[in-house]
Amino acid sequence: MAYLFIPAVLVFILILMWLYAGPFFKGMPVLVYHKISSTKQPDYYTVAASRMREHLEYITKKGYNTIFISDMIDYIEKGKPLPPKPLMIALEDGFRDSYTDVYPMLKEFNCKANIFIVAGFVQTPDNLGPRAEGEFLHVDEAKLMGKDLVEYGLHTMYHHNYGVISPEEMDEDMRISKKRLDELGIPYQPCFAYPYAAYNKNDPAKKQAMFDVLKKHGVRYAFKCGDRLNNMSFKGNMFLLKRLTVNGNYTMQQFKLTLMGLIRITQRLERILK
């Protein structure tokens, strides 16, 4: 029976590759980072600046082309072609290291990035940090980056969890977060990322109510996580687009598997084989 086991395992792996990596790796990866640091120890949310440099070197060498949120929207809505091997870099929350550590590397490698910014954390004379979550972007820094290599998406006013707050609270949160960014002069795309990747996935009525709130405020696209690639046809629910979490503890090999959309299947197989 052993001779039947190997083919069965291969078929199982191919099925999982199709489900998690998209049709033979032809999907679009969206890599999501949180903190990038040249001083702090790496952890789940903190990627070493030196490792981030390795990531940018690798994707550049492999011919990936980083894109803005607006490039994705033009592709979906207007049929405007994307460059070969499109890749989206997403930085979550708006930590100041996006400016101090990442922005110089973006200029060095000529890479684009997208920051899903928490509007209430942006530092201004009347709103100074650091906060418990860490030091966040100053408004002038955010505006400077937005002139060339960075675009912004919405990420709530104070990092609220859309998996637990009511539709009424979501409605007010969207209103004040957009108002805050407008007042600061930080332009943003009609795109949202769920904090904690959380939403009411198991309650269809609440999930639809959330989608209705997003639509009301002009949001046309939203990202969860899922550690899968987005199929280039972009069929399906545009409020449940997928991102790939870059864990600060990942080796370069694990990063490469993440980039291909294979990190989850690899981790599952490792657990099975133990």
# chains A, B, ... in the order shown; residues from 1 in each chain; ligands from 1
>>> closest_atom_pairs(of="segment 15-85 of chain A", to="segment 244-267 of chain A", cutoff="6 Å", atoms="only C-alpha atoms", output="JSON lines")
{"residue": "A:Ala21", "atom": "CA", "partner": "A:Gly261", "partner_atom": "CA", "distance": 4.4}
{"residue": "A:Val30", "atom": "CA", "partner": "A:Leu244", "partner_atom": "CA", "distance": 5.8}
{"residue": "A:Leu31", "atom": "CA", "partner": "A:Leu244", "partner_atom": "CA", "distance": 4.9}
{"residue": "A:Val32", "atom": "CA", "partner": "A:Thr245", "partner_atom": "CA", "distance": 5.1}
{"residue": "A:Tyr33", "atom": "CA", "partner": "A:Val246", "partner_atom": "CA", "distance": 5.7}
{"residue": "A:Pro42", "atom": "CA", "partner": "A:Gly248", "partner_atom": "CA", "distance": 5.2}
{"residue": "A:Asp43", "atom": "CA", "partner": "A:Gly248", "partner_atom": "CA", "distance": 5.0}
{"residue": "A:Tyr44", "atom": "CA", "partner": "A:Asn247", "partner_atom": "CA", "distance": 4.8}
{"residue": "A:Tyr45", "atom": "CA", "partner": "A:Gly248", "partner_atom": "CA", "distance": 5.8}
{"residue": "A:Thr46", "atom": "CA", "partner": "A:Gly248", "partner_atom": "CA", "distance": 5.0}
{"residue": "A:Val47", "atom": "CA", "partner": "A:Gly248", "partner_atom": "CA", "distance": 4.0}
>>> select_by_dssp(residues="segment 6-233 of chain A", states="alpha helix (DSSP H)", output="VMD selection string")
chain A and resid 6 to 21 49 to 61 69 to 78 97 103 to 109 139 to 145 167 to 184 204 to 216
>>> select_by_dssp(residues="segment 96-223 of chain A", states="strand (DSSP E or B)", output="PyMOL selection string")
chain A and resi 113-117+123-124+127+131+134+136+138+150-154+191-193+221-223
>>> atom_distance(atom1="atom CA of Thr124 of chain A", atom2="atom CA of Met52 of chain A")
27.7 Å
>>> atom_distance(atom1="atom CA of Ala205 of chain A", atom2="atom CA of Phe116 of chain A")
26.1 Å
>>> closest_residue(among="A:Phe95, A:Tyr103, A:Tyr152, A:Phe109", to="Phe68 of chain A", atoms="only C-alpha atoms")
A:Tyr152
>>> closest_atom_pairs(of="segment 140-176 of chain A", to="segment 69-77 of chain A", cutoff="12 Å", atoms="only C-alpha atoms", output="CSV")
residue,atom,partner,partner_atom,distance
A:Leu149,CA,A:Ile69,CA,11.6
A:Val150,CA,A:Ile69,CA,9.6
A:Glu151,CA,A:Ile69,CA,7.0
A:Tyr152,CA,A:Ile69,CA,8.1
A:Gly153,CA,A:Ile69,CA,7.9
A:Leu154,CA,A:Ile69,CA,11.4
>>> residues_around(residues="Cys191 of chain A", least_positions_apart="5", cutoff="6 Å", atoms="only C-alpha atoms", output="VMD selection string")
chain A and resid 153 219 221 to 222
>>> atom_distance(atom1="atom CA of Gly163 of chain A", atom2="atom CA of Lys201 of chain A")
8.1 Å
>>> closest_residue(among="A:Pro167, A:Asp182, A:Lys85, A:Ser98", to="Ile59 of chain A", atoms="only C-alpha atoms")
A:Lys85
>>> closest_residue(among="A:Met238, A:Met232, A:Val122, A:Ser37", to="Arg220 of chain A", atoms="only C-alpha atoms")
A:Met238
>>> residues_around(residues="Asn110 of chain A", least_positions_apart="4", cutoff="12 Å", atoms="only C-alpha atoms", output="PyMOL selection string")
chain A and resi 56-57+59-60+64-67+102-106+148-150
>>> closest_residue(among="A:Lys61, A:Arg271, A:Met174, A:Lys35", to="Ala90 of chain A", atoms="only C-alpha atoms")
A:Lys35
>>> residues_around(residues="Met210 of chain A", least_positions_apart="4", cutoff="10 Å", atoms="only C-alpha atoms", output="ChimeraX atom specification")
/A:162-163,165-168,170-171,199-200,204-206,214-216,239
>>> decode(residues="segment 158-183 of chain A", atoms="N, CA and C atoms", output="mmCIF file, in the first residue's frame")
data_model
loop_
_atom_site.group_PDB
_atom_site.id
_atom_site.type_symbol
_atom_site.label_atom_id
_atom_site.label_comp_id
_atom_site.auth_asym_id
_atom_site.auth_seq_id
_atom_site.Cartn_x
_atom_site.Cartn_y
_atom_site.Cartn_z
ATOM 1 N N TYR A 158 -8.821 54.778 15.811
ATOM 2 C CA TYR A 158 -7.943 54.392 16.909
ATOM 3 C C TYR A 158 -7.734 52.876 16.964
ATOM 4 N N HIS A 159 -7.620 52.262 15.793
ATOM 5 C CA HIS A 159 -7.352 50.826 15.692
ATOM 6 C C HIS A 159 -8.471 49.996 16.323
ATOM 7 N N HIS A 160 -9.700 50.357 16.014
ATOM 8 C CA HIS A 160 -10.851 49.621 16.540
ATOM 9 C C HIS A 160 -11.001 48.261 15.850
ATOM 10 N N ASN A 161 -11.476 47.312 16.616
ATOM 11 C CA ASN A 161 -11.686 45.952 16.131
ATOM 12 C C ASN A 161 -13.082 45.845 15.518
ATOM 13 N N TYR A 162 -13.166 45.707 14.194
ATOM 14 C CA TYR A 162 -14.463 45.632 13.527
ATOM 15 C C TYR A 162 -15.136 44.275 13.718
ATOM 16 N N GLY A 163 -14.484 43.382 14.429
ATOM 17 C CA GLY A 163 -15.111 42.114 14.747
ATOM 18 C C GLY A 163 -15.981 42.189 15.983
ATOM 19 N N VAL A 164 -15.880 43.301 16.736
ATOM 20 C CA VAL A 164 -16.633 43.384 17.995
ATOM 21 C C VAL A 164 -17.509 44.630 18.091
ATOM 22 N N ILE A 165 -17.167 45.725 17.390
ATOM 23 C CA ILE A 165 -17.980 46.931 17.531
ATOM 24 C C ILE A 165 -19.227 46.846 16.644
ATOM 25 N N SER A 166 -20.219 47.652 16.951
ATOM 26 C CA SER A 166 -21.495 47.624 16.247
ATOM 27 C C SER A 166 -21.400 48.369 14.918
ATOM 28 N N PRO A 167 -22.347 48.125 13.999
ATOM 29 C CA PRO A 167 -22.357 48.883 12.743
ATOM 30 C C PRO A 167 -22.440 50.394 12.970
ATOM 31 N N GLU A 168 -23.167 50.806 13.999
ATOM 32 C CA GLU A 168 -23.270 52.233 14.310
ATOM 33 C C GLU A 168 -21.914 52.790 14.728
ATOM 34 N N GLU A 169 -21.174 52.024 15.512
ATOM 35 C CA GLU A 169 -19.839 52.458 15.923
ATOM 36 C C GLU A 169 -18.881 52.469 14.734
ATOM 37 N N MET A 170 -19.023 51.496 13.838
ATOM 38 C CA MET A 170 -18.209 51.488 12.615
ATOM 39 C C MET A 170 -18.492 52.727 11.775
ATOM 40 N N ASP A 171 -19.763 53.064 11.659
ATOM 41 C CA ASP A 171 -20.166 54.214 10.867
ATOM 42 C C ASP A 171 -19.510 55.490 11.390
ATOM 43 N N GLU A 172 -19.546 55.689 12.710
ATOM 44 C CA GLU A 172 -18.934 56.876 13.307
ATOM 45 C C GLU A 172 -17.413 56.827 13.179
ATOM 46 N N ASP A 173 -16.846 55.649 13.346
ATOM 47 C CA ASP A 173 -15.402 55.501 13.224
ATOM 48 C C ASP A 173 -14.925 55.858 11.815
ATOM 49 N N MET A 174 -15.630 55.379 10.804
ATOM 50 C CA MET A 174 -15.267 55.711 9.436
ATOM 51 C C MET A 174 -15.383 57.205 9.193
ATOM 52 N N ARG A 175 -16.435 57.810 9.732
ATOM 53 C CA ARG A 175 -16.650 59.245 9.521
ATOM 54 C C ARG A 175 -15.515 60.073 10.106
ATOM 55 N N ILE A 176 -15.160 59.806 11.367
ATOM 56 C CA ILE A 176 -14.149 60.644 12.012
ATOM 57 C C ILE A 176 -12.739 60.341 11.518
ATOM 58 N N SER A 177 -12.471 59.092 11.134
ATOM 59 C CA SER A 177 -11.122 58.778 10.636
ATOM 60 C C SER A 177 -10.872 59.450 9.282
ATOM 61 N N LYS A 178 -11.871 59.432 8.406
ATOM 62 C CA LYS A 178 -11.737 60.125 7.125
ATOM 63 C C LYS A 178 -11.644 61.634 7.330
ATOM 64 N N LYS A 179 -12.446 62.167 8.246
ATOM 65 C CA LYS A 179 -12.413 63.604 8.539
ATOM 66 C C LYS A 179 -11.037 64.009 9.049
ATOM 67 N N ARG A 180 -10.464 63.195 9.918
ATOM 68 C CA ARG A 180 -9.143 63.498 10.477
ATOM 69 C C ARG A 180 -8.079 63.538 9.378
ATOM 70 N N LEU A 181 -8.068 62.559 8.506
ATOM 71 C CA LEU A 181 -7.080 62.535 7.431
ATOM 72 C C LEU A 181 -7.293 63.700 6.474
ATOM 73 N N ASP A 182 -8.540 64.028 6.203
ATOM 74 C CA ASP A 182 -8.829 65.184 5.341
ATOM 75 C C ASP A 182 -8.291 66.470 5.966
ATOM 76 N N GLU A 183 -8.512 66.642 7.261
ATOM 77 C CA GLU A 183 -8.034 67.839 7.957
ATOM 78 C C GLU A 183 -6.511 67.923 7.953
#
